[in-house]
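What's in query-v7.cif: mmCIF, C-alpha atoms
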```
data_upload
loop_
_atom_site.label_atom_id
_atom_site.label_comp_id
_atom_site.auth_asym_id
_atom_site.auth_seq_id
_atom_site.Cartn_x
_atom_site.Cartn_y
_atom_site.Cartn_z
CA THR A 268 -12.90 21.12 -18.26
CA ARG A 269 -10.84 19.83 -15.39
CA GLU A 270 -12.63 21.95 -12.78
CA TRP A 271 -16.00 20.61 -13.94
CA LYS A 272 -14.75 17.00 -13.63
CA GLU A 273 -13.42 17.68 -10.11
CA LYS A 274 -16.73 19.29 -9.09
CA LYS A 275 -18.70 16.31 -10.47
CA MET A 276 -16.37 13.89 -8.65
CA LEU A 277 -16.90 15.72 -5.34
CA GLN A 278 -20.68 15.85 -5.83
CA SER A 279 -20.65 12.15 -6.63
CA SER A 280 -18.62 11.35 -3.49
CA SER A 281 -21.04 13.25 -1.27
CA SER A 282 -24.08 11.43 -2.66
CA HIS A 283 -22.54 7.95 -2.36
CA ARG A 284 -19.28 6.74 -0.87
CA GLN A 285 -16.39 6.45 -3.30
CA PRO A 286 -14.22 3.37 -2.73
CA TRP A 287 -11.11 5.37 -1.85
CA THR A 288 -12.73 7.63 0.73
CA ASN A 289 -13.16 6.72 4.36
CA ALA A 290 -15.45 9.12 6.20
CA GLY A 291 -13.49 11.14 8.72
CA ASP A 292 -10.11 9.85 7.52
CA ARG A 293 -9.42 12.45 4.86
CA SER A 294 -10.36 16.06 4.43
CA SER A 295 -12.39 17.11 1.42
CA THR A 296 -9.32 18.99 0.17
CA GLU A 297 -7.27 15.76 0.13
CA GLN A 298 -10.16 13.96 -1.59
CA ALA A 299 -10.39 16.66 -4.25
CA LYS A 300 -6.64 16.62 -4.85
CA LEU A 301 -6.58 12.83 -5.13
CA ALA A 302 -9.57 12.87 -7.51
CA ALA A 303 -7.82 15.49 -9.65
CA VAL A 304 -4.62 13.42 -9.74
CA ALA A 305 -6.58 10.30 -10.76
CA ILE A 306 -8.30 12.23 -13.56
CA GLU A 307 -5.02 13.81 -14.71
CA LEU A 308 -3.27 10.41 -14.86
CA ASN A 309 -6.28 8.58 -16.33
CA VAL A 310 -6.30 6.19 -13.38
CA ARG A 311 -9.34 4.70 -11.66
CA LEU A 312 -9.08 4.24 -7.91
CA ARG A 313 -11.11 1.19 -6.93
CA SER A 314 -10.47 0.77 -3.21
CA ALA A 315 -8.00 2.06 -0.63
CA ASP A 316 -7.05 2.18 3.01
CA MET A 317 -3.98 4.37 2.67
CA PRO A 318 -3.03 8.02 3.24
CA ALA A 319 -3.69 10.22 0.21
CA ASP A 320 -0.01 11.10 -0.31
CA MET A 321 0.93 7.41 -0.51
CA GLN A 322 -1.93 6.74 -2.92
CA GLU A 323 -0.76 9.60 -5.10
CA ARG A 324 2.78 8.21 -5.10
CA ALA A 325 1.51 4.78 -6.20
CA LEU A 326 -0.62 6.30 -8.99
CA ARG A 327 2.14 8.57 -10.28
CA SER A 328 4.75 5.79 -10.14
CA ALA A 329 2.54 3.35 -12.02
CA ARG A 330 1.68 5.93 -14.69
CA SER A 331 5.34 6.89 -15.09
CA LEU A 332 6.46 3.26 -15.44
CA LEU A 333 3.78 2.50 -18.02
CA ASP A 334 4.50 5.68 -19.99
CA SER A 335 8.22 4.81 -20.08
CA SER A 336 7.64 1.46 -21.83
CA PRO A 337 8.69 1.54 -25.50
CA VAL A 338 6.03 2.62 -28.00
CA GLY A 339 4.33 -0.39 -29.57
CA HIS A 340 5.28 -2.73 -26.74
CA ARG A 341 2.76 -3.95 -24.20
CA PRO A 342 3.54 -2.91 -20.63
CA ASN A 343 5.07 -5.66 -18.53
CA PRO A 344 2.85 -6.25 -15.45
CA SER A 345 5.62 -8.13 -13.60
CA LEU A 346 8.05 -5.25 -14.06
CA LEU A 347 5.40 -2.80 -12.87
CA ALA A 348 4.64 -4.91 -9.78
CA ARG A 349 8.33 -5.36 -8.94
CA SER A 350 9.08 -1.66 -9.36
CA LEU A 351 6.17 -0.52 -7.18
CA LYS A 352 7.02 -3.09 -4.50
CA LYS A 353 10.69 -2.02 -4.38
CA GLU A 354 9.81 1.67 -4.32
CA PHE A 355 7.36 1.26 -1.43
CA ASP A 356 9.74 -1.07 0.47
CA SER A 357 12.50 1.53 0.28
CA GLU A 358 10.27 4.51 1.06
CA TYR A 359 7.84 3.09 3.65
CA GLY A 360 9.63 0.05 5.10
CA PRO A 361 9.58 -3.65 4.23
CA ALA A 362 6.83 -6.15 3.50
CA TRP A 363 5.01 -4.49 0.60
CA HIS A 364 3.42 -6.79 -2.00
CA CYS A 365 2.16 -5.92 -5.45
CA VAL A 366 0.04 -7.76 -8.01
CA ALA A 367 -0.49 -6.31 -11.47
CA GLY A 368 -2.29 -7.74 -14.46
CA LYS A 369 -5.36 -7.77 -16.66
CA SER A 370 -7.26 -10.41 -14.72
CA PHE A 371 -6.65 -11.80 -11.25
CA GLY A 372 -8.53 -12.65 -8.10
CA SER A 373 -7.27 -11.88 -4.64
CA PHE A 374 -8.10 -12.07 -0.98
CA VAL A 375 -5.43 -10.46 1.19
CA THR A 376 -4.75 -9.46 4.77
CA TYR A 377 -2.98 -6.11 5.01
CA SER A 378 -1.67 -3.75 7.67
CA PRO A 379 -4.02 -0.84 8.41
CA GLY A 380 -3.21 2.12 6.18
CA GLY A 381 -1.38 -0.08 3.69
CA PHE A 382 -3.77 -1.00 0.86
CA VAL A 383 -4.63 0.45 -2.55
CA TYR A 384 -6.30 -1.11 -5.59
CA PHE A 385 -6.50 0.82 -8.86
CA SER A 386 -6.65 0.46 -12.64
CA VAL A 387 -4.35 2.19 -15.07
CA ASP A 388 -4.81 1.68 -18.81
CA SER A 389 -5.70 -2.01 -19.22
CA LEU A 390 -3.95 -3.16 -16.03
CA SER A 391 -5.24 -3.51 -12.48
CA VAL A 392 -2.80 -2.99 -9.60
CA LEU A 393 -3.11 -4.24 -6.04
CA LEU A 394 -0.48 -2.87 -3.63
CA PHE A 395 -0.55 -3.76 0.05
CA LYS A 396 1.64 -4.01 3.14
CA THR A 397 1.86 -6.81 5.68
CA HIS A 398 3.54 -7.04 9.06
CA VAL A 399 6.89 -8.83 9.33
CA HIS A 400 7.38 -11.09 12.33
CA LEU A 401 10.71 -12.61 13.31
CA VAL A 402 10.12 -15.96 14.95
CA PRO A 403 12.88 -17.02 17.33
CA GLU A 404 14.16 -20.57 17.43
CA PRO A 405 12.35 -22.64 20.11
CA GLY A 406 14.06 -22.26 23.47
CA LEU A 407 15.86 -19.04 22.46
CA ASP A 408 15.14 -16.07 24.74
CA PRO A 409 14.06 -13.26 22.38
CA HIS A 410 15.27 -10.59 24.84
CA ARG A 411 18.84 -11.85 24.60
CA LEU A 412 19.09 -11.08 20.89
CA THR A 413 21.34 -8.08 20.28
CA GLY A 414 19.44 -4.94 19.40
CA CYS A 415 15.97 -6.50 19.64
CA THR A 416 12.96 -4.84 21.19
CA GLU A 417 9.53 -6.25 21.91
CA GLU A 418 6.55 -4.66 20.23
CA LYS A 419 3.06 -5.80 21.14
CA GLU A 420 0.57 -6.14 18.34
CA LYS A 421 -2.64 -4.19 18.56
CA THR A 422 -5.93 -4.79 16.85
CA ARG A 423 -7.63 -1.96 14.91
CA ASN A 424 -9.48 -0.78 18.02
CA GLY A 425 -6.26 -0.63 20.06
CA ASP A 426 -6.69 -3.82 22.08
CA GLU A 427 -3.68 -6.09 22.43
CA HIS A 428 -3.62 -8.88 19.90
CA PRO A 429 -3.55 -12.36 21.43
CA SER A 430 -0.34 -13.35 19.57
CA ALA A 431 2.91 -13.51 21.53
CA TYR A 432 5.24 -10.76 20.34
CA ASN A 433 6.74 -9.10 17.30
CA LEU A 434 10.49 -8.55 17.32
CA LYS A 435 12.08 -5.54 15.68
CA HIS A 436 15.81 -5.93 15.28
CA GLN A 437 18.74 -3.84 14.22
CA LYS A 438 21.64 -6.26 14.37
CA LEU A 439 21.79 -9.93 15.34
CA PRO A 440 24.90 -11.82 16.50
CA MET A 441 26.43 -13.83 13.64
CA ASP A 442 25.69 -17.18 15.30
CA THR A 443 22.02 -16.48 16.10
CA LYS A 444 19.49 -18.37 13.98
CA ILE A 445 16.05 -16.86 13.49
CA GLY A 446 13.13 -18.65 11.87
#
```

Written as structure tokens, how would this file's structure read?
Amino acid sequence: TREWKEKKMLQSSSSHRQPWTNAGDRSSTEQAKLAAVAIELNVRLRSADMPADMQERALRSARSLLDSSPVGHRPNPSLLARSLKKEFDSEYGPAWHCVAGKSFGSFVTYSPGGFVYFSVDSLSVLLFKTHVHLVPEPGLDPHRLTGCTEEKEKTRNGDEHPSAYNLKHQKLPMDTKIG
């Protein structure tokens, strides 16, 4: 039964660390709910650094997209990747990337809290977020750009990152060139 599977999953996670659990990051209730969702959707979470609600959204979206493909047709990994990327860009901000397929290697740098890797049916899915940096033209004062603010980068432990600055903008003058 479902309850038995959930109980086994929780016992398993207490005896050895499951790839999607980070000690202290998630409550056991969130872990149990996420495990139940994975079982319900027949999805295998492989690794994650992402809040449980975002993981659940990725799992449910992937399952829904694959289930909506016509019967007898193989699921299109490119369509799945594009759909997940667009959904996460619109819901959680820009710079999401998605790779989906039966066999691929990867080595990525991602923003903290923005990584999930899972398998659904015969496909593996890697979804991750990166930081977007606007780089001003040499000699252009970044503080003179309309609507721009400076945001200092921080490392995981909260120290300032040695890079210069990250610009967030709302609206740039028409004649300003960035990049």

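Each of A:Ser335, A:Ser370, A:Gln322, A:Thr296 was checked against A:Phe395 using only C-alpha atoms; the smallest atom-to-atom distance is that of A:Gln322.
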
Near-A:Met321 list (9 Å; all atoms listed in the file; drop same-chain fewer than 5 positions) as a PyMOL selection string: chain A and resi 326+355+381

Selected residues written out, C-alpha atoms, as a compact mmCIF listing (two decimals), in the frame of the given file:
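Now in out_24.txt:
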```
# COMPACT_ATOMS: atom_id res chain seq x y z
CA LEU A 326 -0.62 6.30 -8.99
CA PHE A 355 7.36 1.26 -1.43
CA GLY A 381 -1.38 -0.08 3.69
```

Among the residues A:Ala362, A:Val310, A:Leu351, A:Ala319, the one that comes closest to A:Ser386 [using only C-alpha atoms]: A:Val310

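Atom CA of A:Ala325 lies 17.7 Å from atom CA of A:Lys369.
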
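Counting only C-alpha atoms and comparing A:Lys352, A:His364, A:His340, A:Lys396, the residue that lies closest to A:Tyr377 is A:Lys396.
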
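A straight line drawn from atom CA of A:Glu323 to atom CA of A:Arg349 is 17.9 Å long.
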
For the file shown, report as a PDB file with C-alpha atoms, keeping the file's coordinate frame the outcome of the PyMOL selection byres ((chain A and resi 373) around 12) at residue level.
```pdb
ATOM      1  CA  CYS A 365       2.160  -5.920  -5.450  1.00  0.00           C
ATOM      2  CA  VAL A 366       0.040  -7.760  -8.010  1.00  0.00           C
ATOM      3  CA  ALA A 367      -0.490  -6.310 -11.470  1.00  0.00           C
ATOM      4  CA  GLY A 368      -2.290  -7.740 -14.460  1.00  0.00           C
ATOM      5  CA  SER A 370      -7.260 -10.410 -14.720  1.00  0.00           C
ATOM      6  CA  PHE A 371      -6.650 -11.800 -11.250  1.00  0.00           C
ATOM      7  CA  GLY A 372      -8.530 -12.650  -8.100  1.00  0.00           C
ATOM      8  CA  PHE A 374      -8.100 -12.070  -0.980  1.00  0.00           C
ATOM      9  CA  VAL A 375      -5.430 -10.460   1.190  1.00  0.00           C
ATOM     10  CA  THR A 376      -4.750  -9.460   4.770  1.00  0.00           C
ATOM     11  CA  TYR A 384      -6.300  -1.110  -5.590  1.00  0.00           C
ATOM     12  CA  SER A 391      -5.240  -3.510 -12.480  1.00  0.00           C
ATOM     13  CA  VAL A 392      -2.800  -2.990  -9.600  1.00  0.00           C
ATOM     14  CA  LEU A 393      -3.110  -4.240  -6.040  1.00  0.00           C
ATOM     15  CA  LEU A 394      -0.480  -2.870  -3.630  1.00  0.00           C
ATOM     16  CA  PHE A 395      -0.550  -3.760   0.050  1.00  0.00           C
TER      17      PHE A 395
END
```

Separation of atom CA of A:Arg327 from atom CA of A:Glu354 in Å: 11.9 Å

Using all atoms listed in the file: which of A:Asp334, A:Glu404, A:Asp388, A:Glu358 has the shortest distance to A:Leu312: A:Asp388

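Closest approach to A:Ala305 among A:Ser331, A:Asn343, A:Asp356, A:Val387: A:Val387, based on only C-alpha atoms.
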